[in-house]
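What follows is the content of model22.cif, which has mmCIF, C-alpha atoms:
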data_protein
loop_
_atom_site.label_atom_id
_atom_site.label_comp_id
_atom_site.auth_asym_id
_atom_site.auth_seq_id
_atom_site.Cartn_x
_atom_site.Cartn_y
_atom_site.Cartn_z
CA MET A 72 88.36 -44.20 30.60
CA GLN A 73 91.88 -45.19 31.65
CA VAL A 74 94.89 -42.99 32.43
CA THR A 75 98.48 -44.12 32.95
CA ILE A 76 101.23 -42.15 34.64
CA ALA A 77 104.94 -42.96 34.86
CA LEU A 78 106.38 -43.57 38.32
CA PRO A 79 110.01 -42.57 39.02
CA PRO A 80 112.70 -45.12 39.95
CA GLY A 81 112.66 -45.98 43.63
CA TYR A 82 109.05 -44.87 44.05
CA GLN A 83 107.84 -45.78 47.55
CA ALA A 84 104.23 -46.84 47.10
CA ALA A 85 103.92 -47.75 50.79
CA ASP A 86 104.11 -44.08 51.88
CA VAL A 87 101.38 -43.11 49.42
CA LEU A 88 99.12 -45.98 50.47
CA ALA A 89 99.60 -45.08 54.15
CA PHE A 90 98.56 -41.46 53.56
CA HIS A 91 95.30 -42.52 51.91
CA SER A 92 94.59 -45.07 54.63
CA ARG A 93 94.19 -42.53 57.44
CA ASP A 94 90.41 -42.92 57.65
CA ALA A 95 89.90 -46.49 58.86
CA GLU A 96 86.21 -46.31 57.88
CA GLY A 97 87.14 -45.76 54.22
CA VAL A 98 84.29 -43.34 53.53
CA ALA A 99 85.95 -41.58 50.59
CA GLU A 100 89.14 -43.63 50.13
CA GLN A 101 89.70 -47.38 50.14
CA VAL A 102 93.22 -48.79 50.10
CA SER A 103 94.34 -52.36 49.51
CA HIS A 104 97.62 -53.90 48.39
CA GLY A 105 98.94 -51.64 45.62
CA ARG A 106 95.56 -50.04 45.01
CA ILE A 107 93.79 -46.77 45.89
CA ARG A 108 90.10 -46.15 45.25
CA LYS A 109 89.16 -42.51 45.82
CA GLY A 110 85.90 -40.65 45.29
CA VAL A 111 86.09 -37.10 43.96
CA LEU A 112 83.66 -34.53 42.61
CA LEU A 113 84.96 -33.09 39.36
CA ASP A 114 83.02 -30.14 37.99
CA GLY A 115 79.90 -31.50 39.71
CA VAL A 116 80.25 -35.12 38.53
CA ALA A 117 80.86 -37.96 41.00
CA VAL A 118 83.98 -39.84 39.92
CA LEU A 119 85.76 -42.91 41.24
CA LEU A 120 89.53 -42.94 40.64
CA ASP A 121 90.65 -46.58 40.85
CA VAL A 122 94.46 -46.47 40.89
CA THR A 123 96.70 -49.53 40.68
CA LEU A 124 100.37 -48.95 41.48
CA GLY A 125 102.92 -50.99 39.57
CA GLU A 126 106.38 -50.65 38.07
CA PRO A 127 107.03 -48.39 36.31
CA LEU A 128 103.45 -47.17 35.83
CA ALA A 129 100.35 -46.32 37.79
CA ARG A 130 97.10 -47.16 36.01
CA CYS A 131 93.91 -45.30 36.85
CA ASP A 132 90.50 -46.53 35.77
CA VAL A 133 88.09 -43.59 35.83
CA HIS A 134 84.45 -44.36 36.56
CA ALA A 135 82.27 -41.26 36.18
CA ASP A 136 78.58 -41.03 37.08
CA GLY A 137 77.95 -38.70 34.16
CA ALA A 138 79.55 -36.99 31.20
CA LEU A 139 82.87 -35.32 31.99
CA SER A 140 83.56 -31.80 30.78
CA ASP A 141 86.97 -30.83 29.41
CA ALA A 142 87.62 -29.07 32.73
CA ALA A 143 86.80 -32.25 34.67
CA ARG A 144 89.10 -34.33 32.47
CA ALA A 145 91.95 -31.91 33.19
CA MET A 146 91.18 -32.25 36.90
CA ILE A 147 91.79 -36.00 36.68
CA ASP A 148 95.42 -35.54 35.62
CA ASP A 149 95.86 -32.89 38.32
CA ALA A 150 94.37 -35.13 41.01
CA LEU A 151 96.56 -38.08 40.03
CA LEU A 152 99.77 -36.07 40.37
CA ASN A 153 98.55 -35.03 43.81
CA ILE A 154 97.41 -38.34 45.24
CA LEU A 155 100.50 -40.13 43.95
CA GLY A 156 102.86 -37.56 45.50
CA LEU A 157 104.52 -36.63 42.22
CA ARG A 158 104.54 -32.83 42.51
CA ILE A 159 107.80 -32.46 44.44
CA ASP A 160 111.04 -34.14 43.38
CA PRO A 161 112.83 -35.33 46.55
CA ALA A 162 116.30 -35.32 44.95
CA PRO A 163 117.24 -31.63 45.51
CA PHE A 164 116.54 -31.88 49.23
CA LEU A 165 118.54 -35.10 49.51
CA ALA A 166 121.52 -33.37 47.89
CA LEU A 167 121.17 -30.37 50.22
CA ALA A 168 120.88 -32.52 53.35
CA ALA A 169 123.52 -35.11 52.46
CA ASP A 170 126.05 -33.86 55.04
CA ASP A 171 123.63 -32.06 57.34
CA ALA A 172 124.26 -32.73 61.02
CA LEU A 173 120.56 -32.83 61.93
CA LEU A 174 118.73 -34.29 58.94
CA GLY A 175 121.46 -36.04 56.97
CA ALA A 176 121.03 -39.44 58.62
CA VAL A 177 117.24 -39.07 58.69
CA ALA A 178 117.13 -38.33 54.96
CA ARG A 179 119.38 -41.28 54.12
CA ARG A 180 116.96 -43.65 55.87
CA SER A 181 114.14 -42.74 53.47
CA PRO A 182 115.60 -41.45 50.19
CA GLY A 183 112.37 -42.13 48.31
CA LEU A 184 110.12 -40.30 50.76
CA ARG A 185 107.54 -38.07 49.07
CA ILE A 186 104.93 -35.54 50.11
CA VAL A 187 101.47 -36.73 49.06
CA GLN A 188 98.91 -34.06 48.22
CA SER A 189 95.15 -34.05 48.61
CA ALA A 190 93.25 -34.57 45.35
CA SER A 191 92.48 -30.85 45.09
CA ILE A 192 93.69 -27.59 46.62
CA PHE A 193 90.23 -27.09 48.13
CA GLU A 194 90.41 -30.47 49.84
CA ALA A 195 93.84 -29.61 51.27
CA LEU A 196 92.71 -26.20 52.51
CA THR A 197 89.56 -27.51 54.16
CA TRP A 198 91.53 -30.36 55.76
CA ALA A 199 93.97 -27.77 57.16
CA ILE A 200 91.09 -25.77 58.64
CA ILE A 201 89.53 -28.90 60.11
CA GLY A 202 92.82 -30.06 61.60
CA GLN A 203 93.70 -26.83 63.39
CA GLN A 204 94.55 -27.43 67.06
CA ILE A 205 92.88 -30.85 67.41
CA ASN A 206 94.24 -34.38 67.43
CA LEU A 207 94.40 -36.45 64.24
CA PRO A 208 91.64 -38.99 65.04
CA PHE A 209 89.16 -36.21 65.83
CA ALA A 210 90.18 -34.30 62.68
CA ILE A 211 89.61 -37.44 60.58
CA ALA A 212 86.15 -37.87 62.13
CA LEU A 213 85.25 -34.24 61.35
CA ARG A 214 86.53 -34.63 57.79
CA ARG A 215 84.30 -37.68 57.40
CA THR A 216 81.34 -35.65 58.64
CA LEU A 217 82.01 -32.88 56.10
CA ILE A 218 82.21 -35.40 53.27
CA VAL A 219 78.88 -36.99 54.14
CA GLN A 220 77.19 -33.62 54.80
CA ALA A 221 78.31 -31.86 51.63
CA GLY A 222 79.70 -34.52 49.31
CA ARG A 223 77.95 -36.98 47.02
CA GLN A 224 77.94 -40.76 46.96
CA HIS A 225 79.34 -42.38 43.84
CA SER A 226 77.45 -45.34 42.35
CA SER A 227 80.21 -47.58 43.73
CA GLY A 228 79.22 -46.60 47.28
CA LEU A 229 82.27 -44.43 47.97
CA TRP A 230 81.63 -40.83 48.96
CA CYS A 231 83.17 -38.00 46.95
CA TYR A 232 84.87 -35.06 48.64
CA PRO A 233 82.71 -31.94 48.12
CA GLU A 234 83.59 -28.98 45.96
CA ALA A 235 83.37 -25.42 47.30
CA ARG A 236 79.83 -24.83 46.05
CA HIS A 237 78.53 -27.84 47.96
CA VAL A 238 80.13 -26.73 51.24
CA ALA A 239 78.90 -23.18 50.63
CA ALA A 240 75.32 -24.47 50.59
CA LEU A 241 75.56 -25.78 54.17
CA ASP A 242 74.27 -23.94 57.22
CA CYS A 243 76.56 -23.46 60.20
CA ALA A 244 74.25 -25.68 62.27
CA ASP A 245 74.86 -28.56 59.83
CA LEU A 246 78.42 -28.63 61.19
CA THR A 247 78.16 -27.35 64.75
CA GLY A 248 75.46 -29.94 65.38
CA ARG A 249 78.04 -32.59 64.48
CA LYS A 250 80.92 -31.60 66.78
CA PHE A 251 82.49 -28.81 64.71
CA SER A 252 83.40 -25.77 66.79
CA ARG A 253 81.59 -22.63 65.69
CA SER A 254 84.85 -20.94 64.63
CA LYS A 255 85.89 -23.95 62.53
CA ALA A 256 82.46 -24.21 60.90
CA GLU A 257 82.33 -20.49 60.15
CA THR A 258 85.79 -20.51 58.61
CA LEU A 259 84.95 -23.47 56.35
CA LEU A 260 81.75 -21.81 55.18
CA ARG A 261 83.45 -18.43 54.75
CA VAL A 262 86.16 -19.92 52.51
CA ALA A 263 83.69 -22.01 50.50
CA ARG A 264 81.38 -19.04 49.91
CA LEU A 265 84.23 -16.75 48.86
CA LEU A 266 85.36 -19.40 46.36
CA ASP A 267 81.83 -20.03 45.12
CA ALA A 268 81.33 -16.29 44.58
CA GLY A 269 84.61 -15.95 42.67
CA GLU A 270 86.07 -13.67 45.34
CA LEU A 271 88.90 -16.08 46.21
CA SER A 272 91.02 -18.18 43.87
CA LEU A 273 92.69 -21.55 44.40
CA ALA A 274 93.96 -21.94 40.85
CA ARG A 275 96.98 -24.17 40.39
CA ASP A 276 98.88 -21.47 38.50
CA ASP A 277 98.25 -18.73 41.07
CA ASP A 278 101.38 -16.90 42.23
CA ILE A 279 102.23 -18.41 45.63
CA ALA A 280 102.87 -15.08 47.36
CA THR A 281 99.58 -13.66 46.08
CA ALA A 282 97.66 -16.80 46.97
CA SER A 283 99.14 -16.81 50.48
CA ALA A 284 98.25 -13.17 51.07
CA ALA A 285 94.68 -13.74 49.86
CA LEU A 286 94.22 -16.70 52.21
CA LEU A 287 95.72 -14.86 55.18
CA ALA A 288 93.20 -12.08 54.61
CA VAL A 289 90.35 -14.53 55.31
CA LYS A 290 89.17 -14.46 58.92
CA GLY A 291 90.06 -17.70 60.69
CA ILE A 292 93.04 -18.59 58.50
CA GLY A 293 96.55 -18.17 59.88
CA PRO A 294 100.10 -18.93 58.69
CA TRP A 295 100.04 -22.62 59.68
CA THR A 296 96.86 -23.24 57.68
CA VAL A 297 98.25 -21.42 54.67
CA ASN A 298 101.54 -23.34 54.74
CA TYR A 299 99.71 -26.64 55.10
CA ALA A 300 97.49 -25.78 52.12
CA LEU A 301 100.55 -24.83 50.08
CA LEU A 302 102.17 -28.13 50.98
CA ARG A 303 99.23 -30.55 50.65
CA GLY A 304 97.35 -28.62 47.97
CA TYR A 305 99.67 -26.66 45.71
CA GLY A 306 102.65 -28.96 46.20
CA TYR A 307 104.87 -25.95 46.96
CA ALA A 308 108.44 -27.05 47.66
CA ASP A 309 109.37 -24.47 50.30
CA CYS A 310 106.73 -24.46 53.04
CA SER A 311 107.89 -23.62 56.55
CA LEU A 312 105.83 -25.63 59.05
CA HIS A 313 107.49 -24.02 62.08
CA GLY A 314 104.16 -23.80 63.90
CA ASP A 315 103.53 -27.54 63.60
CA VAL A 316 103.77 -29.36 66.94
CA ALA A 317 105.10 -32.55 65.35
CA ILE A 318 107.88 -30.64 63.56
CA ARG A 319 108.92 -29.12 66.87
CA ALA A 320 108.79 -32.55 68.55
CA ALA A 321 110.98 -34.00 65.81
CA PHE A 322 113.59 -31.28 66.33
CA GLN A 323 113.48 -31.90 70.07
CA LYS A 324 114.18 -35.59 69.47
CA LEU A 325 116.99 -34.95 66.99
CA LEU A 326 118.60 -32.29 69.19
CA GLY A 327 118.32 -34.49 72.28
CA GLU A 328 116.74 -31.68 74.29
CA HIS A 329 114.24 -31.83 77.15
CA ALA A 330 111.72 -29.43 75.60
CA LYS A 331 110.45 -28.59 72.14
CA PRO A 332 112.09 -25.57 70.53
CA ASP A 333 109.74 -22.60 70.45
CA ILE A 334 108.19 -21.48 67.18
CA ALA A 335 110.78 -18.78 66.48
CA ARG A 336 113.69 -21.17 66.98
CA THR A 337 111.96 -23.83 64.89
CA GLU A 338 111.56 -21.32 62.07
CA ALA A 339 115.28 -20.53 62.31
CA LEU A 340 116.20 -24.24 62.28
CA LEU A 341 114.14 -24.76 59.13
CA GLU A 342 115.77 -21.83 57.36
CA ARG A 343 118.88 -23.90 56.66
CA TYR A 344 116.81 -26.11 54.33
CA ARG A 345 115.42 -23.31 52.15
CA PRO A 346 114.23 -23.69 49.35
CA HIS A 347 113.36 -27.31 50.19
CA ARG A 348 111.62 -26.89 53.55
CA THR A 349 108.63 -28.98 52.46
CA MET A 350 110.78 -32.09 52.10
CA ALA A 351 112.54 -31.19 55.35
CA ALA A 352 109.12 -31.30 57.03
CA ALA A 353 108.39 -34.69 55.46
CA HIS A 354 111.60 -36.16 56.86
CA LEU A 355 111.06 -34.56 60.25
CA TRP A 356 107.60 -36.15 60.45
CA ALA A 357 109.05 -39.49 59.37
CA SER A 358 111.82 -39.25 61.97
CA LEU A 359 109.23 -39.48 64.77
CA SER A 360 108.45 -43.05 63.77
CA HIS A 361 112.09 -44.11 63.43
CA ALA A 362 113.41 -46.33 66.19
CA ASP A 363 116.32 -44.79 68.07
#
Would it be possible to restate this file's structure as structure tokens?
Amino acid sequence: MQVTIALPPGYQAADVLAFHSRDAEGVAEQVSHGRIRKGVLLDGVAVLLDVTLGEPLARCDVHADGALSDAARAMIDDALLNILGLRIDPAPFLALAADDALLGAVARRSPGLRIVQSASIFEALTWAIIGQQINLPFAIALRRTLIVQAGRQHSSGLWCYPEARHVAALDCADLTGRKFSRSKAETLLRVARLLDAGELSLARDDDIATASAALLAVKGIGPWTVNYALLRGYGYADCSLHGDVAIRAAFQKLLGEHAKPDIARTEALLERYRPHRTMAAAHLWASLSHAD
């Protein structure tokens, strides 16, 4: 099975490839020049998405270790929009920030910058839980552990990120015995079991306000985790990442101040970019790697 998807003019493939290259061990994603190979579980079937980026199309060869249901086939299109960063159009933010004193110059450096999503909302939410209050290399290692503990290996050798039912079947000790904190392990299992029981929804068409409230009601999930899931999972265009340390560091750098702005001030600074705060976050993150 092959799927093609149109890429917009000025599409920056390098940003997308970099996002999927975070795990140097390549357990569930392998990236080479212009190519992404990603393992996913779709309605219980192990699937390899082999994506080649070109102009003006991306081509995806789908290799499934079993028959795909109609629901799984729909998930393929959804996953491709996510992993290619095609959910949020960067143009409205660029127009808003064109003459902005803080982010105008930053935005002009990377006009094609996009926010890349995880393949599924569940993957984004669990990654947000894993990444809470720890450094990126450790978070990547924990993510790798979750994939191997609860996921499934595709016939190609790549591992597939687990679905909620597979995480729900784990015991807490399966995670705490592999460097997960108890609170992090319990939150992951709590979310997975609520989803598996149908008591929590992560449907793409859920109302954002309702979805946010439902997630915040889950013990162990706070505003930062919800906003990150909205950004990397739902592809919501107006997430305020005011609790993110890197966002605060970026503002400190741009403002030329000696300390990071506190969370309340960071939230106020981001307000000026409503309703495009997700793209503001993307450019703030990118600004940290810009040479002065």
Requested in this report: Give me, please, the distance in Å between CA of Asp121 (chain A) and CA of Gly156 (chain A), quoted to one decimal.
Outcome: 15.9 Å
Report task. Just the residues within 9 Å of region 190-194 of chain A, please, counting all atoms listed in the file, with nothing from its chain fewer than 5 positions along; format it as a list in words. Result ->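 Contacts, in chain order: Lys109, Val111, Met146, Ile147, Asp149, Ala150, Leu151, Leu152, Asn153, Ile154, Ala199, Tyr232, Pro233, Glu234, Ala235, Ala263, Leu273, Ala274, Arg275, Ala300, Leu301, Arg303, Gly304 and Tyr305 of chain A.
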Requested in this report: Identify all residues satisfying the PyMOL selection byres ((chain A and resi 202-213) around 9) in the given file; provide them as a ChimeraX atom specification.
Outcome: /A:93-94,197-201,214-218,246,249-251,255,295-296
Just say which residues the PyMOL selection byres ((chain A and resi 171-187) around 10) picks in this file, as a CSV table (one decimal) with C-alpha atoms, in the coordinates of the input.
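Generated output (part-v6.csv):
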chain,number,residue,atom,x,y,z
A,79,PRO,CA,110.0,-42.6,39.0
A,80,PRO,CA,112.7,-45.1,40.0
A,81,GLY,CA,112.7,-46.0,43.6
A,82,TYR,CA,109.0,-44.9,44.0
A,83,GLN,CA,107.8,-45.8,47.6
A,84,ALA,CA,104.2,-46.8,47.1
A,85,ALA,CA,103.9,-47.8,50.8
A,86,ASP,CA,104.1,-44.1,51.9
A,87,VAL,CA,101.4,-43.1,49.4
A,88,LEU,CA,99.1,-46.0,50.5
A,89,ALA,CA,99.6,-45.1,54.2
A,90,PHE,CA,98.6,-41.5,53.6
A,91,HIS,CA,95.3,-42.5,51.9
A,152,LEU,CA,99.8,-36.1,40.4
A,153,ASN,CA,98.6,-35.0,43.8
A,154,ILE,CA,97.4,-38.3,45.2
A,155,LEU,CA,100.5,-40.1,44.0
A,156,GLY,CA,102.9,-37.6,45.5
A,157,LEU,CA,104.5,-36.6,42.2
A,158,ARG,CA,104.5,-32.8,42.5
A,159,ILE,CA,107.8,-32.5,44.4
A,160,ASP,CA,111.0,-34.1,43.4
A,161,PRO,CA,112.8,-35.3,46.6
A,162,ALA,CA,116.3,-35.3,45.0
A,164,PHE,CA,116.5,-31.9,49.2
A,165,LEU,CA,118.5,-35.1,49.5
A,166,ALA,CA,121.5,-33.4,47.9
A,167,LEU,CA,121.2,-30.4,50.2
A,168,ALA,CA,120.9,-32.5,53.4
A,169,ALA,CA,123.5,-35.1,52.5
A,170,ASP,CA,126.0,-33.9,55.0
A,188,GLN,CA,98.9,-34.1,48.2
A,189,SER,CA,95.2,-34.0,48.6
A,190,ALA,CA,93.2,-34.6,45.4
A,302,LEU,CA,102.2,-28.1,51.0
A,303,ARG,CA,99.2,-30.6,50.6
A,304,GLY,CA,97.4,-28.6,48.0
A,306,GLY,CA,102.6,-29.0,46.2
A,308,ALA,CA,108.4,-27.0,47.7
A,322,PHE,CA,113.6,-31.3,66.3
A,325,LEU,CA,117.0,-35.0,67.0
A,326,LEU,CA,118.6,-32.3,69.2
A,340,LEU,CA,116.2,-24.2,62.3
A,343,ARG,CA,118.9,-23.9,56.7
A,344,TYR,CA,116.8,-26.1,54.3
A,349,THR,CA,108.6,-29.0,52.5
A,350,MET,CA,110.8,-32.1,52.1
A,351,ALA,CA,112.5,-31.2,55.4
A,352,ALA,CA,109.1,-31.3,57.0
A,353,ALA,CA,108.4,-34.7,55.5
A,354,HIS,CA,111.6,-36.2,56.9
A,355,LEU,CA,111.1,-34.6,60.2
A,357,ALA,CA,109.0,-39.5,59.4
A,358,SER,CA,111.8,-39.2,62.0
A,361,HIS,CA,112.1,-44.1,63.4
Report task. Run through the PyMOL selection byres ((chain A and resi 136-143) around 9) on the given coordinates and return the selected residues as a PyMOL selection string. Result -> chain A and resi 112-119+134-135+144-147+225-226
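For the atom pair formed by CA of Ala256 (chain A) and CA of Ala239 (chain A), the distance is 10.9 Å, given to one decimal.
Distance-wise, CA of Trp356 (chain A) and CA of Ala339 (chain A) end up 17.5 Å apart.
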Report summary line: If you count only C-alpha atoms, the residue of A:Leu259, A:Ala95, A:Leu196, A:Leu229 closest to Asp242 (chain A) turns out to be A:Leu259
Report task. Write out as an MDAnalysis selection string the residues lying within 9 Å of Leu124 (chain A), counting all atoms listed in the file and excluding same-chain residues fewer than 2 positions away. Result -> chainID A and resid 78 84 104:107 122 126:131
